Structures are given as structure tokens and as C-alpha cells.
$ cat structure.cif   # mmCIF, C-alpha atoms
data_target
loop_
_atom_site.label_atom_id
_atom_site.label_comp_id
_atom_site.auth_asym_id
_atom_site.auth_seq_id
_atom_site.Cartn_x
_atom_site.Cartn_y
_atom_site.Cartn_z
CA MET D 30 5.54 23.66 51.08
CA LYS D 31 1.96 23.69 52.28
CA GLU D 32 3.04 24.31 55.90
CA LEU D 33 5.14 27.29 54.80
CA ILE D 34 2.21 28.80 52.93
CA PHE D 35 -0.17 28.26 55.85
CA ASN D 36 2.35 29.75 58.28
CA TRP D 37 2.66 32.76 56.01
CA ILE D 38 -1.12 33.18 55.95
CA LYS D 39 -1.27 32.84 59.74
CA SER D 40 1.36 35.54 60.18
CA LEU D 41 -0.82 37.98 58.30
CA TYR D 42 -3.66 37.40 60.76
CA SER D 43 -1.34 37.68 63.81
CA ILE D 44 -2.07 34.12 64.83
CA ASN D 45 0.40 32.14 66.81
CA LYS D 46 2.61 30.36 64.25
CA LEU D 47 2.76 27.35 66.51
CA ALA D 48 -1.02 27.05 66.52
CA PRO D 49 -2.50 24.27 64.47
CA ILE D 50 -3.89 24.96 60.99
CA GLU D 51 -7.42 24.22 62.18
CA GLU D 52 -7.18 27.38 64.32
CA LEU D 53 -6.45 29.40 61.22
CA LEU D 54 -9.33 27.90 59.30
CA SER D 55 -11.74 28.54 62.18
CA ASN D 56 -10.57 32.14 62.61
CA SER D 57 -13.39 34.53 61.75
CA GLU D 58 -11.03 37.06 60.17
CA PHE D 59 -9.74 34.48 57.74
CA GLN D 60 -13.16 33.11 56.96
CA ASN D 61 -14.32 36.57 55.96
CA HIS D 62 -11.55 36.78 53.35
CA GLU D 63 -11.18 33.18 52.25
CA PHE D 64 -12.61 33.88 48.75
CA LEU D 65 -10.11 36.69 48.23
CA TRP D 66 -7.32 34.47 49.45
CA MET D 67 -8.46 31.82 46.96
CA LEU D 68 -8.36 34.31 44.09
CA GLY D 69 -4.94 35.58 45.14
CA LEU D 70 -3.48 32.10 45.44
CA LEU D 71 -5.10 31.08 42.13
CA SER D 72 -3.52 34.05 40.40
CA GLY D 73 -0.15 33.26 41.90
CA MET D 74 -0.45 29.60 40.89
CA ALA D 75 -1.38 30.62 37.33
CA VAL D 76 1.67 32.88 37.07
CA LEU D 77 3.97 30.20 38.45
CA SER D 78 2.50 27.54 36.13
CA ILE D 79 2.93 29.75 33.07
CA LEU D 80 6.50 30.53 34.14
CA ILE D 81 7.31 26.82 34.60
CA TRP D 82 5.70 26.00 31.24
CA PHE D 83 7.67 28.77 29.53
CA LEU D 84 10.98 27.69 31.10
CA THR D 85 10.29 24.06 30.19
CA LYS D 86 9.61 24.84 26.53
CA GLU D 87 12.24 27.52 26.01
CA VAL D 88 15.07 25.97 28.01
CA LEU D 89 14.49 22.24 28.23
CA LEU D 90 13.35 21.85 24.61
CA VAL D 91 16.27 23.89 23.29
CA VAL D 92 18.71 21.71 25.22
CA ILE D 93 17.03 18.50 24.03
CA LYS D 94 16.97 19.72 20.43
CA SER D 95 20.67 20.59 20.48
CA ILE D 96 21.51 17.15 21.93
CA ALA D 97 19.35 15.43 19.31
CA LEU D 98 21.05 17.27 16.45
CA ARG D 99 24.49 16.22 17.71
CA SER D 100 23.63 12.56 18.22
CA LYS D 101 24.01 10.02 15.41
CA THR D 102 20.74 8.22 16.05
CA LYS D 103 17.70 9.16 14.01
CA LEU D 104 15.04 8.42 16.63
CA ASP D 105 15.72 11.51 18.74
CA ASP D 106 15.65 13.73 15.64
CA LEU D 107 12.26 12.28 14.75
CA LEU D 108 11.00 12.77 18.29
CA VAL D 109 11.83 16.44 17.94
CA GLU D 110 10.24 16.57 14.47
CA LYS D 111 7.05 14.82 15.65
CA LYS D 112 6.87 17.27 18.64
CA PHE D 113 7.10 14.50 21.23
CA PHE D 114 9.02 16.70 23.67
CA ASN D 115 6.53 19.56 23.16
CA ALA D 116 3.84 17.27 24.58
CA ILE D 117 6.08 16.12 27.43
CA ALA D 118 6.76 19.77 28.32
CA HIS D 119 3.11 20.17 29.43
CA ILE D 120 3.36 17.46 32.09
CA LEU D 121 5.62 19.39 34.52
CA PRO D 122 3.34 22.47 34.90
CA LEU D 123 0.30 20.20 35.15
CA LEU D 124 1.95 18.21 37.96
CA PHE D 125 2.80 21.50 39.67
CA MET D 126 -0.82 22.64 39.37
CA ASP D 127 -2.06 19.31 40.69
CA TYR D 128 0.00 19.89 43.82
CA LEU D 129 -1.03 23.53 44.34
CA PHE D 130 -4.77 23.03 43.79
CA SER D 131 -4.98 21.47 47.29
CA ILE D 132 -3.63 24.76 48.69
CA VAL D 133 -5.65 27.16 46.56
CA PHE D 134 -9.00 25.47 47.14
CA PHE D 135 -8.53 24.10 50.67
CA SER D 136 -11.58 26.09 51.78
CA PHE D 137 -13.68 25.03 48.76
CA PRO D 138 -13.80 21.19 48.73
CA ASN D 139 -16.21 20.98 45.77
CA ALA D 140 -14.04 23.20 43.62
CA LEU D 141 -10.97 21.30 44.78
CA GLU D 142 -12.43 17.95 43.72
CA PHE D 143 -13.46 19.29 40.29
CA THR D 144 -10.11 20.98 39.56
CA ILE D 145 -8.12 17.92 40.69
CA ARG D 146 -10.16 15.67 38.40
CA PHE D 147 -9.89 18.06 35.47
CA ASN D 148 -6.15 18.46 35.97
CA ASP D 149 -5.67 14.68 36.19
CA PHE D 150 -7.73 14.39 32.99
CA LEU D 151 -5.31 16.78 31.25
CA ILE D 152 -2.29 14.84 32.54
CA VAL D 153 -3.63 11.54 31.19
CA LEU D 154 -4.51 13.25 27.87
CA VAL D 155 -0.98 14.67 27.54
CA ILE D 156 0.51 11.23 28.21
CA LEU D 157 -1.74 9.73 25.50
CA VAL D 158 -0.69 12.39 22.97
CA SER D 159 2.98 11.83 23.88
CA ILE D 160 2.71 8.07 23.35
CA ARG D 161 1.01 8.53 19.95
CA ARG D 162 3.73 10.94 18.81
CA PHE D 163 6.40 8.54 20.03
CA LEU D 164 4.82 5.74 17.98
CA ASN D 165 4.77 8.01 14.91
CA ALA D 166 8.52 8.48 15.25
CA VAL D 167 9.09 4.74 15.74
CA ARG D 168 7.06 4.06 12.59
CA VAL D 169 9.33 6.26 10.47
CA VAL D 170 12.45 4.61 11.93
CA LEU D 171 11.16 1.10 11.20
CA GLU D 172 10.03 2.00 7.67
CA ASP D 173 13.58 3.16 6.89
CA LYS D 174 15.02 -0.20 7.94
CA PRO D 175 15.68 -2.48 4.91
CA TYR D 176 14.14 -5.47 6.69
CA PHE D 177 10.85 -3.63 7.32
CA SER D 178 10.75 -1.65 4.05
CA ASP D 179 8.12 -3.92 2.49
CA LYS D 180 6.19 -4.65 5.70
CA PRO D 181 2.87 -2.91 6.60
CA ILE D 182 4.42 -1.03 9.53
CA GLY D 183 1.74 1.64 9.26
CA ALA D 184 -1.00 -0.91 9.92
CA TYR D 185 0.87 -2.33 12.93
CA VAL D 186 1.48 1.10 14.46
CA GLN D 187 -2.10 2.18 13.90
CA THR D 188 -3.33 -1.00 15.57
CA VAL D 189 -1.15 -0.34 18.62
CA LYS D 190 -2.30 3.31 18.70
CA LEU D 191 -5.93 2.20 18.53
CA ILE D 192 -5.53 -0.25 21.43
CA ILE D 193 -3.67 2.32 23.55
CA SER D 194 -6.26 5.00 22.74
CA ILE D 195 -9.11 2.74 23.87
CA ILE D 196 -7.30 2.00 27.15
CA PHE D 197 -6.62 5.68 27.79
CA VAL D 198 -10.19 6.68 26.93
CA ILE D 199 -11.38 4.29 29.64
CA ILE D 200 -8.85 5.81 32.05
CA LEU D 201 -9.99 9.34 31.12
CA LEU D 202 -13.61 8.44 31.77
CA SER D 203 -12.60 6.85 35.06
CA VAL D 204 -10.71 10.00 36.11
CA ILE D 205 -13.42 12.46 35.14
CA THR D 206 -16.24 10.44 36.77
CA ASN D 207 -14.22 9.12 39.72
CA LYS D 208 -15.34 5.57 39.00
CA SER D 209 -13.38 2.37 38.61
CA PRO D 210 -12.25 1.47 35.04
CA LEU D 211 -13.96 -1.90 35.57
CA VAL D 212 -17.31 -0.12 35.42
CA PHE D 213 -16.62 1.06 31.89
CA LEU D 214 -15.13 -2.28 30.85
CA THR D 215 -18.30 -4.07 31.91
CA SER D 216 -20.36 -1.44 30.10
CA LEU D 217 -18.58 -2.24 26.86
CA GLY D 218 -20.51 -5.50 26.63
CA ALA D 219 -23.78 -3.62 26.28
CA MET D 220 -22.21 -1.25 23.74
CA THR D 221 -20.71 -4.02 21.59
CA ALA D 222 -23.31 -3.70 18.83
CA ILE D 223 -22.83 0.07 18.63
CA LEU D 224 -19.05 -0.26 18.67
CA LEU D 225 -19.16 -2.88 15.90
CA LEU D 226 -21.24 -0.51 13.80
CA VAL D 227 -19.11 2.56 14.47
CA PHE D 228 -15.75 0.81 14.12
CA LYS D 229 -16.78 -1.61 11.37
CA ASP D 230 -14.13 -0.43 8.88
CA THR D 231 -11.46 -0.30 11.59
CA ILE D 232 -12.19 -3.84 12.77
CA LEU D 233 -12.28 -5.22 9.22
CA GLY D 234 -9.06 -3.37 8.43
CA PHE D 235 -7.42 -4.79 11.54
CA VAL D 236 -8.44 -8.35 10.57
CA GLY D 237 -7.35 -7.74 6.97
CA SER D 238 -3.96 -6.37 8.03
CA ILE D 239 -3.26 -9.44 10.16
CA GLN D 240 -4.21 -11.83 7.36
CA ILE D 241 -2.25 -9.88 4.75
CA SER D 242 0.83 -9.92 6.96
CA ALA D 243 0.48 -13.54 8.09
CA ASN D 244 0.05 -14.83 4.52
CA ASP D 245 2.52 -12.36 2.99
CA MET D 246 -0.12 -11.37 0.42
CA LEU D 247 0.92 -7.75 0.00
CA ARG D 248 4.03 -5.68 0.57
CA ILE D 249 4.92 -2.06 0.06
CA GLY D 250 6.39 -1.73 -3.43
CA ASP D 251 4.38 -4.62 -4.93
CA TRP D 252 2.81 -4.07 -8.33
CA VAL D 253 -0.87 -4.97 -7.98
CA THR D 254 -3.85 -4.91 -10.31
CA MET D 255 -7.38 -4.68 -8.93
CA GLU D 256 -9.89 -4.08 -11.69
CA LYS D 257 -12.81 -3.56 -9.31
CA PHE D 258 -11.25 -0.34 -8.02
CA GLY D 259 -9.42 0.58 -11.22
CA ALA D 260 -6.05 0.15 -9.50
CA ASP D 261 -2.96 -0.80 -11.50
CA GLY D 262 0.31 0.28 -9.95
CA ASP D 263 2.64 0.08 -6.96
CA VAL D 264 1.59 -0.18 -3.32
CA VAL D 265 2.94 2.90 -1.53
CA GLU D 266 1.24 2.62 1.85
CA ILE D 267 -0.58 -0.02 3.91
CA ASN D 268 -2.63 1.39 6.78
CA LEU D 269 -5.07 -0.10 9.23
CA THR D 270 -8.11 0.74 7.11
CA THR D 271 -6.77 1.57 3.63
CA VAL D 272 -4.11 0.59 1.11
CA LYS D 273 -2.79 3.30 -1.24
CA VAL D 274 -1.82 2.28 -4.76
CA GLN D 275 0.02 4.70 -7.03
CA ASN D 276 -1.15 3.94 -10.56
CA PHE D 277 1.19 4.21 -13.52
CA ASP D 278 -0.49 7.47 -14.52
CA LYS D 279 0.62 8.80 -11.10
CA THR D 280 -2.90 8.91 -9.67
CA ILE D 281 -3.56 7.42 -6.24
CA THR D 282 -6.23 4.78 -5.67
CA THR D 283 -7.29 4.19 -2.06
CA ILE D 284 -8.65 0.70 -1.40
CA PRO D 285 -10.09 -0.67 1.88
CA THR D 286 -7.59 -3.06 3.42
CA TYR D 287 -10.15 -5.81 3.88
CA SER D 288 -10.93 -5.77 0.13
CA PHE D 289 -7.62 -7.52 -0.47
CA ILE D 290 -9.03 -10.41 1.57
CA SER D 291 -12.62 -10.43 0.31
CA ASP D 292 -11.96 -9.61 -3.38
CA SER D 293 -9.52 -10.99 -5.93
CA PHE D 294 -6.50 -9.03 -7.09
CA LYS D 295 -3.34 -9.72 -9.06
CA ASN D 296 0.06 -9.32 -7.42
CA TRP D 297 2.93 -9.17 -9.91
CA ARG D 298 5.58 -9.90 -7.27
CA GLY D 299 5.98 -13.46 -8.55
CA MET D 300 6.84 -12.11 -11.99
CA ALA D 301 9.29 -9.60 -10.53
CA ASN D 302 11.06 -12.37 -8.59
CA SER D 303 11.13 -14.79 -11.53
CA GLY D 304 13.54 -15.01 -14.44
CA GLY D 305 11.41 -13.07 -16.90
CA ARG D 306 8.13 -11.48 -17.88
CA ARG D 307 5.59 -13.35 -19.96
CA ILE D 308 4.78 -12.51 -23.58
CA LYS D 309 1.44 -13.92 -24.64
CA ARG D 310 0.07 -12.49 -27.86
CA SER D 311 -1.48 -13.85 -31.04
CA LEU D 312 -1.38 -13.28 -34.79
CA ASN D 313 -4.73 -13.92 -36.52
CA VAL D 314 -4.07 -15.59 -39.88
CA LYS D 315 -6.75 -15.51 -42.56
CA ILE D 316 -7.99 -19.07 -42.94
CA GLU D 317 -8.52 -18.64 -46.70
CA SER D 318 -4.80 -17.92 -47.14
CA ILE D 319 -3.79 -21.27 -45.60
CA LYS D 320 -2.71 -23.82 -48.23
CA PHE D 321 -0.29 -26.63 -49.00
CA ALA D 322 3.20 -25.35 -49.68
CA ASP D 323 4.10 -25.79 -53.38
CA ASP D 324 7.56 -26.56 -54.66
CA ALA D 325 8.34 -22.92 -55.37
CA LEU D 326 7.48 -21.85 -51.82
CA ILE D 327 9.42 -24.74 -50.31
CA GLU D 328 12.45 -23.98 -52.44
CA ARG D 329 12.34 -20.31 -51.50
CA LEU D 330 11.94 -21.01 -47.77
CA SER D 331 14.72 -23.64 -47.90
CA LYS D 332 17.14 -20.77 -48.32
CA VAL D 333 16.12 -19.34 -44.94
CA LYS D 334 18.80 -20.34 -42.47
CA LEU D 335 16.37 -21.01 -39.60
CA LEU D 336 14.21 -23.31 -41.75
CA SER D 337 16.68 -25.02 -44.08
CA GLU D 338 17.47 -28.00 -41.84
CA PHE D 339 13.87 -28.41 -40.76
CA ILE D 340 12.54 -28.40 -44.34
CA LYS D 341 15.10 -30.98 -45.46
CA GLU D 342 14.21 -33.32 -42.60
CA GLN D 343 10.48 -32.79 -43.06
CA GLU D 344 10.59 -33.40 -46.82
CA ARG D 345 12.52 -36.61 -46.26
CA ASP D 346 10.05 -37.81 -43.60
CA VAL D 347 7.07 -36.87 -45.78
CA GLU D 348 8.48 -38.70 -48.78
CA GLU D 349 9.23 -41.84 -46.76
CA TYR D 350 5.79 -41.83 -45.16
CA ASN D 351 3.95 -41.36 -48.46
CA LYS D 352 6.03 -44.02 -50.19
CA GLU D 353 5.45 -46.45 -47.35
CA HIS D 354 1.69 -45.92 -47.47
CA GLY D 355 1.37 -45.69 -51.24
CA LEU D 356 0.36 -42.05 -51.26
CA LEU D 357 2.58 -40.84 -54.08
CA ASP D 358 -0.37 -40.07 -56.37
CA GLU D 359 -1.11 -36.34 -56.36
CA TYR D 360 -4.82 -37.14 -56.07
CA GLN D 361 -4.35 -38.78 -52.66
CA ILE D 362 -5.62 -35.97 -50.44
CA ASN D 363 -4.62 -37.81 -47.28
CA ALA D 364 -0.95 -37.74 -48.20
CA ARG D 365 1.34 -35.83 -45.88
CA ARG D 366 2.28 -32.38 -47.18
CA SER D 367 3.82 -29.24 -45.77
CA THR D 368 1.54 -26.23 -45.28
CA ASN D 369 2.51 -22.60 -45.35
CA VAL D 370 1.02 -22.00 -41.90
CA GLY D 371 2.94 -25.00 -40.48
CA LEU D 372 6.21 -23.67 -41.91
CA PHE D 373 5.39 -20.23 -40.55
CA ARG D 374 4.71 -21.66 -37.09
CA ARG D 375 8.06 -23.52 -37.13
CA TYR D 376 9.87 -20.41 -38.30
CA VAL D 377 8.41 -18.37 -35.44
CA GLU D 378 9.44 -21.05 -32.95
CA TYR D 379 13.04 -21.13 -34.24
CA TYR D 380 13.10 -17.34 -34.36
CA LEU D 381 12.12 -17.12 -30.69
CA LYS D 382 14.65 -19.77 -29.67
CA ASN D 383 17.40 -17.71 -31.30
CA ASN D 384 16.30 -14.40 -29.76
CA ILE D 385 18.86 -13.27 -27.17
CA ASP D 386 16.28 -11.09 -25.39
CA LEU D 387 14.17 -14.10 -24.36
CA ASN D 388 14.77 -16.41 -21.41
CA GLN D 389 15.34 -19.80 -23.03
CA GLU D 390 15.12 -21.61 -19.67
CA MET D 391 11.46 -20.72 -19.24
CA SER D 392 8.41 -21.86 -21.22
CA LEU D 393 8.59 -21.10 -24.93
CA MET D 394 6.10 -22.29 -27.55
CA VAL D 395 4.14 -21.27 -30.61
CA ARG D 396 0.69 -22.82 -30.80
CA GLN D 397 -2.59 -22.70 -32.67
CA LEU D 398 -5.70 -21.61 -30.81
CA GLN D 399 -9.33 -22.27 -31.58
CA PRO D 400 -10.25 -20.88 -35.04
CA GLU D 401 -12.75 -18.03 -34.89
CA THR D 402 -14.41 -15.45 -37.09
CA LYS D 403 -11.24 -13.37 -37.02
CA GLY D 404 -9.12 -16.19 -38.41
CA LEU D 405 -6.72 -18.73 -36.98
CA PRO D 406 -4.85 -17.37 -33.92
CA ILE D 407 -1.13 -18.26 -33.80
CA GLU D 408 -0.14 -17.55 -30.21
CA LEU D 409 3.38 -16.79 -29.00
CA TYR D 410 4.04 -17.86 -25.41
CA CYS D 411 7.48 -16.99 -24.05
CA PHE D 412 9.29 -14.88 -21.44
CA SER D 413 11.53 -11.89 -21.90
CA LYS D 414 14.69 -11.62 -19.83
CA THR D 415 13.95 -8.07 -18.78
CA LYS D 416 11.10 -7.29 -16.41
CA VAL D 417 11.31 -3.52 -16.78
CA TRP D 418 8.08 -2.35 -18.36
CA ALA D 419 9.53 -0.08 -21.05
CA GLU D 420 12.24 -2.57 -22.06
CA TYR D 421 9.71 -5.43 -22.07
CA GLU D 422 7.46 -3.52 -24.47
CA VAL D 423 10.40 -2.90 -26.82
CA VAL D 424 11.32 -6.62 -26.89
CA MET D 425 7.74 -7.65 -27.61
CA ALA D 426 7.27 -4.95 -30.27
CA ASP D 427 10.49 -5.96 -32.07
CA ILE D 428 9.30 -9.58 -32.30
CA PHE D 429 5.93 -8.72 -33.75
CA ASP D 430 7.32 -6.04 -36.05
CA HIS D 431 9.44 -8.76 -37.62
CA LEU D 432 6.57 -11.25 -37.87
CA PHE D 433 4.21 -8.73 -39.43
CA ALA D 434 6.86 -7.92 -42.04
CA ILE D 435 7.67 -11.52 -43.07
CA VAL D 436 4.27 -13.21 -42.90
CA ASP D 437 3.61 -12.60 -46.61
CA ARG D 438 6.81 -14.51 -47.45
CA PHE D 439 4.84 -17.60 -46.43
CA GLU D 440 1.99 -16.52 -48.70
CA LEU D 441 -0.16 -15.92 -45.65
CA GLN D 442 -2.42 -12.99 -44.85
CA LEU D 443 -3.36 -11.56 -41.48
CA HIS D 444 -6.95 -10.80 -40.56
CA GLN D 445 -7.97 -7.17 -40.49
CA GLU D 446 -11.38 -5.62 -39.99
CA VAL D 447 -12.99 -3.88 -42.94
CA THR D 448 -12.35 -0.14 -42.85
CA GLY D 449 -13.99 2.80 -44.58
CA SER D 450 -11.21 3.03 -47.16
CA ASP D 451 -11.82 -0.62 -48.12
CA LEU D 452 -15.49 0.09 -48.78
CA ARG D 453 -14.67 3.19 -50.81
CA SER D 454 -12.15 1.21 -52.91
CA LEU D 455 -14.76 -1.49 -53.52
CA LYS D 456 -17.29 1.15 -54.58
CA VAL D 457 -14.84 2.71 -57.05
CA LEU D 458 -14.00 -0.72 -58.45
CA ASN D 459 -17.68 -1.53 -58.99
CA GLU D 460 -18.26 1.78 -60.72
CA ASP D 461 -15.31 1.14 -63.06
CA ASN D 462 -16.67 -2.29 -63.90
CA LEU D 463 -20.08 -0.83 -64.72
CA ASN D 464 -18.57 1.86 -66.91
CA GLN D 465 -16.71 -0.77 -68.90
#

$ encode --input "structure.cif" --output "C-alpha cells"
Amino acid sequence: MKELIFNWIKSLYSINKLAPIEELLSNSEFQNHEFLWMLGLLSGMAVLSILIWFLTKEVLLVVIKSIALRSKTKLDDLLVEKKFFNAIAHILPLLFMDYLFSIVFFSFPNALEFTIRFNDFLIVLVILVSIRRFLNAVRVVLEDKPYFSDKPIGAYVQTVKLIISIIFVIILLSVITNKSPLVFLTSLGAMTAILLLVFKDTILGFVGSIQISANDMLRIGDWVTMEKFGADGDVVEINLTTVKVQNFDKTITTIPTYSFISDSFKNWRGMANSGGRRIKRSLNVKIESIKFADDALIERLSKVKLLSEFIKEQERDVEEYNKEHGLLDEYQINARRSTNVGLFRRYVEYYLKNNIDLNQEMSLMVRQLQPETKGLPIELYCFSKTKVWAEYEVVMADIFDHLFAIVDRFELQLHQEVTGSDLRSLKVLNEDNLNQ
């Protein structure tokens, strides 16, 4: 190609075509017009490059797009969507220009060296952009795979893109300065402190992503709670530097990836994979309402199906114990007796054991907690079968609705803070007493 162009130039100056090229270059007629020849060849090269670029984009890309739409694989469709082939289309005209620059600037060695370096810089840059777009398409394909649906693919891809970008930046610097890449690699040692400062979040995110993946601490779709950042919802994205959590109010909380290593958080995946969701809530009974159960209360509660057998057995055991220890006298305060709060606690236990919405194979108990100024807490500890939030709330509400409604049947009262209406009623009562 070069020989043909030089022969054509020689023919215009009536130089023997068989003469060597050096004769052309030393010809005074040519040397007087070499700048004009450079401009003419540069214009021709620009037109040819634009034509090649246009044909590549309009013809090659249309053919590739039609093939991608007909194929059954998803990767090629994503490559078209992520404009991977658009980036590849720039390589052909750049390679063509890289070849023709040696012809256009053969009389201007300084300009030739600069244009070759700049063109090579563009070629390397286009390759880098193409690789990054290819990785973006691969990321989408992997995220759609069931096996990788809960894996932090985004963090992995971003890590690979970061490593490749660093390598290509070194190559770009090597091309533009015409120095060996080893020079820049050795210079990185002196720039380590600056790099650590600039890429602090990226490095911490990279370390955090590896630890999260290695220890299986977090997956996409996990319900997490992180009070420090006000996050309470599902993980929707795990990147190299951030984790996005969609809260239940549909807001998005962005948390640094490394925070899941350095700070504590709650992952509800264990609950989701278990046989139920925990119910742990208390009823605060007024201590002054607690008393020994009298005969009338025992007789009335004996008619309750859940308590009838228990009361019969307990009364028999109490009578035998008191008779054995000579505690039949009503003045013996250390005699065994049933209490209304004890019967209530047993009733709640039997009620939970007969509730079809609770998982009877998991922990289930009703216990007393430490008495406090708000009364005696009676805590329910059990697990619902359903783990769906809305259904879980309904199950728990039904249980406590029932307990609130029947607690007075045991002649118990629940603690409640004094309200304004209570104070007004007390004031009216005092005024009535004074008037009388």
C-alpha cells in the first residue's frame, strides 16, 4: 500500500518509478511541497477513516444486532444493549489510521511519533471501554441465574473492573510517554500512601466484599436491620463500596460495605429459613390485683375446658401436701394455695399449645419476668408458623386480643399509665365528696 502511494507521488513529479523512494524524498520539487502533500494526505485519510467508521457502525452493527435478536442466548442481546459493539466499532478505523499515519507524516518524524502515540492511546482506551461494557453484560447474565441470585455479583464485577482499569491505566501511561510499564509499577511504591488515601473506601469495600462472601454474612434479598444507619429492610444490591437496603417504607439506605464487617447488624435470614417467627411480648399485671384464688374463682375457672383437668390435679396435690405437712389450718400462711396469676399463666400456656397458628415443635413458654414499677410482666415466648410479616402480626394480635379480654375473669388487672381522663375523674369524685 505504501509503495503504491509513493509510486503515485513519484509519477506526479515525473521521477523514474523504478527509482528508490529516497530519490523522491531528496527531490527539491517534492521538498518544496511536502507540507501541502501532508495536508492532502491527512484530508484523504480523515475522509477514509470517517467512511470506514460509518460503514462499521451502520452495516456491521446492524448485522450483529439482527443476529443477536434471532439467537436464543441472552448475552448477545445484553452486549447490544450495553453498547459493547459500538465501542468495538471504533477499533477498525483507529487501526486504519495507525497504518496511514506513517504515510501522511513520513516527512515530519516528530508529528509522526506524536500521532502514533496518541492513536495507540485511543486504541487502548477503546479496548478498556469494551472490556468494561462486556463485564456489565456478564454481570446481568449472572445475576439472572438462580444460583447467583443471592450472591454479590456486583461487588465481584466491580473488583475485576477496578483491577483491569489499573492495568490499562499503566499501559496508557506507558503508551503516551513511550516508557516501559515497569517504570510506573515501580513508581507505585512511592505513591502507596497517596493511593491508600484516595482509594480508602474502595480498598475497604474490596476487603469487606471478600469477607462478606467468604463468611456468607449477607446475600441479596436478606432482611437486615442496622440501627446505626436507620436501615430495616431487604438488601437489593451489594457493590464494591456500598450496600443498598430498601426499607419497608420503600426508602433506600446506602451503607458502606465495610460497615457490615466493622459494625453489628441483624440478619433475619435465620428466621426466614427456620420453622417460624418468634413472638416475644409481655402483659404487665398489677401486683395489687394478685391474690390467692378463693373457692368461687376456682369453681368458676374449673368450668373452663383448658383448665379443668389442671385445676383438679392441682387441688388434689395441694390438699395432699397440706394434709401431709399439717397445714390445714386457714391461718397457716405457708400452706400451698392456688393464685389467680398462677392459674392465668397456666391458662395462657394451654391456650398457646392449642393454637393451630403456632409451631408446637419450637420453643413455647409463658414465664414471669422481674417485677418492676409497671407491674409483674407475664411474657409469652413462642413461634408462629407463618413468617410473612402481615400474617405474623395478625397471629400475634389475635393472641393478645384474647388475653386482654379474659384477664379480668381471673380477677386480675393490667397496668396502665395514668391518663388525663383519670385525673379529671378523680377531681370530680373529690368535689362530689366535699359537696356531700

$ residues_around --input "structure.cif" --residues "Leu104 (chain D)" --least-positions-apart "3" --cutoff "9 Å" --atoms "all atoms listed in the file" --output "list in words"
Ala97, Leu107, Leu108, Val109, Ala166, Val167, Val169 and Val170 of chain D

$ resolve_selection --input "structure.cif" --expression "the PyMOL selection byres ((chain D and resi 151) around 12)" --output "ChimeraX atom specification"
/D:116,119-124,126-127,144-150,152-158,197,200-202,204-205

$ atom_distance --input "structure.cif" --atom1 "CA of Leu398 (chain D)" --atom2 "CA of Ser413 (chain D)"
21.7 Å

$ closest_residue --input "structure.cif" --among "D:Tyr376, D:Phe114, D:Phe163, D:Phe439" --to "Glu87 (chain D)" --atoms "all atoms listed in the file"
D:Phe114

$ resolve_selection --input "structure.cif" --expression "the PyMOL selection byres ((chain D and resi 322-334) around 12)" --output "JSON, numbers by chain"
{"D": [318, 319, 320, 321, 335, 336, 337, 338, 339, 340, 341, 342, 343, 344, 365, 366, 367, 368, 369, 370, 371, 372, 373, 375, 376, 379, 380, 383, 435, 436, 437, 438, 439, 440, 441]}

$ write_last_selection --input "structure.cif" --atoms "C-alpha atoms" --output "short mmCIF file (atom, residue, chain, number, x, y, z; two decimals), in the coordinates of the input"
data_model
loop_
_atom_site.label_atom_id
_atom_site.label_comp_id
_atom_site.auth_asym_id
_atom_site.auth_seq_id
_atom_site.Cartn_x
_atom_site.Cartn_y
_atom_site.Cartn_z
CA SER D 318 -4.80 -17.92 -47.14
CA ILE D 319 -3.79 -21.27 -45.60
CA LYS D 320 -2.71 -23.82 -48.23
CA PHE D 321 -0.29 -26.63 -49.00
CA LEU D 335 16.37 -21.01 -39.60
CA LEU D 336 14.21 -23.31 -41.75
CA SER D 337 16.68 -25.02 -44.08
CA GLU D 338 17.47 -28.00 -41.84
CA PHE D 339 13.87 -28.41 -40.76
CA ILE D 340 12.54 -28.40 -44.34
CA LYS D 341 15.10 -30.98 -45.46
CA GLU D 342 14.21 -33.32 -42.60
CA GLN D 343 10.48 -32.79 -43.06
CA GLU D 344 10.59 -33.40 -46.82
CA ARG D 365 1.34 -35.83 -45.88
CA ARG D 366 2.28 -32.38 -47.18
CA SER D 367 3.82 -29.24 -45.77
CA THR D 368 1.54 -26.23 -45.28
CA ASN D 369 2.51 -22.60 -45.35
CA VAL D 370 1.02 -22.00 -41.90
CA GLY D 371 2.94 -25.00 -40.48
CA LEU D 372 6.21 -23.67 -41.91
CA PHE D 373 5.39 -20.23 -40.55
CA ARG D 375 8.06 -23.52 -37.13
CA TYR D 376 9.87 -20.41 -38.30
CA TYR D 379 13.04 -21.13 -34.24
CA TYR D 380 13.10 -17.34 -34.36
CA ASN D 383 17.40 -17.71 -31.30
CA ILE D 435 7.67 -11.52 -43.07
CA VAL D 436 4.27 -13.21 -42.90
CA ASP D 437 3.61 -12.60 -46.61
CA ARG D 438 6.81 -14.51 -47.45
CA PHE D 439 4.84 -17.60 -46.43
CA GLU D 440 1.99 -16.52 -48.70
CA LEU D 441 -0.16 -15.92 -45.65
#

$ resolve_selection --input "structure.cif" --expression "the PyMOL selection byres ((chain D and resi 443) around 9)" --output "PyMOL selection string"
chain D and resi 312-316+318+404+433+436-437+441-442+444-445

$ atom_distance --input "structure.cif" --atom1 "CA of Lys174 (chain D)" --atom2 "CA of Ser100 (chain D)"
18.5 Å

$ residues_around --input "structure.cif" --residues "region 416-430 of chain D" --least-positions-apart "4" --cutoff "8 Å" --atoms "all atoms listed in the file" --output "mmCIF file with C-alpha atoms, keeping the file's coordinate frame"
data_model
loop_
_atom_site.group_PDB
_atom_site.id
_atom_site.type_symbol
_atom_site.label_atom_id
_atom_site.label_comp_id
_atom_site.auth_asym_id
_atom_site.auth_seq_id
_atom_site.Cartn_x
_atom_site.Cartn_y
_atom_site.Cartn_z
ATOM 1 C CA MET D 300 6.840 -12.110 -11.990
ATOM 2 C CA ALA D 301 9.290 -9.600 -10.530
ATOM 3 C CA GLY D 305 11.410 -13.070 -16.900
ATOM 4 C CA ARG D 306 8.130 -11.480 -17.880
ATOM 5 C CA ILE D 308 4.780 -12.510 -23.580
ATOM 6 C CA ASP D 386 16.280 -11.090 -25.390
ATOM 7 C CA ALA D 434 6.860 -7.920 -42.040
#

$ build_atoms --input "structure.cif" --residues "region 365-372 of chain D" --atoms "N, CA and C atoms" --output "compact mmCIF listing (two decimals), in the coordinates of the input"
# COMPACT_ATOMS: atom_id res chain seq x y z
N ARG D 365 0.70 -36.86 -46.72
CA ARG D 365 1.34 -35.83 -45.88
C ARG D 365 1.96 -34.76 -46.76
N ARG D 366 1.72 -33.50 -46.43
CA ARG D 366 2.28 -32.38 -47.18
C ARG D 366 2.56 -31.23 -46.21
N SER D 367 3.51 -30.43 -46.57
CA SER D 367 3.82 -29.24 -45.77
C SER D 367 2.82 -28.14 -46.10
N THR D 368 2.43 -27.38 -45.09
CA THR D 368 1.54 -26.23 -45.28
C THR D 368 2.30 -24.95 -44.98
N ASN D 369 1.83 -23.88 -45.58
CA ASN D 369 2.51 -22.60 -45.35
C ASN D 369 2.35 -22.14 -43.90
N VAL D 370 1.20 -22.42 -43.29
CA VAL D 370 1.02 -22.00 -41.90
C VAL D 370 1.87 -22.85 -40.97
N GLY D 371 2.07 -24.16 -41.30
CA GLY D 371 2.94 -25.00 -40.48
C GLY D 371 4.38 -24.55 -40.55
N LEU D 372 4.85 -24.18 -41.77
CA LEU D 372 6.21 -23.67 -41.91
C LEU D 372 6.37 -22.34 -41.19
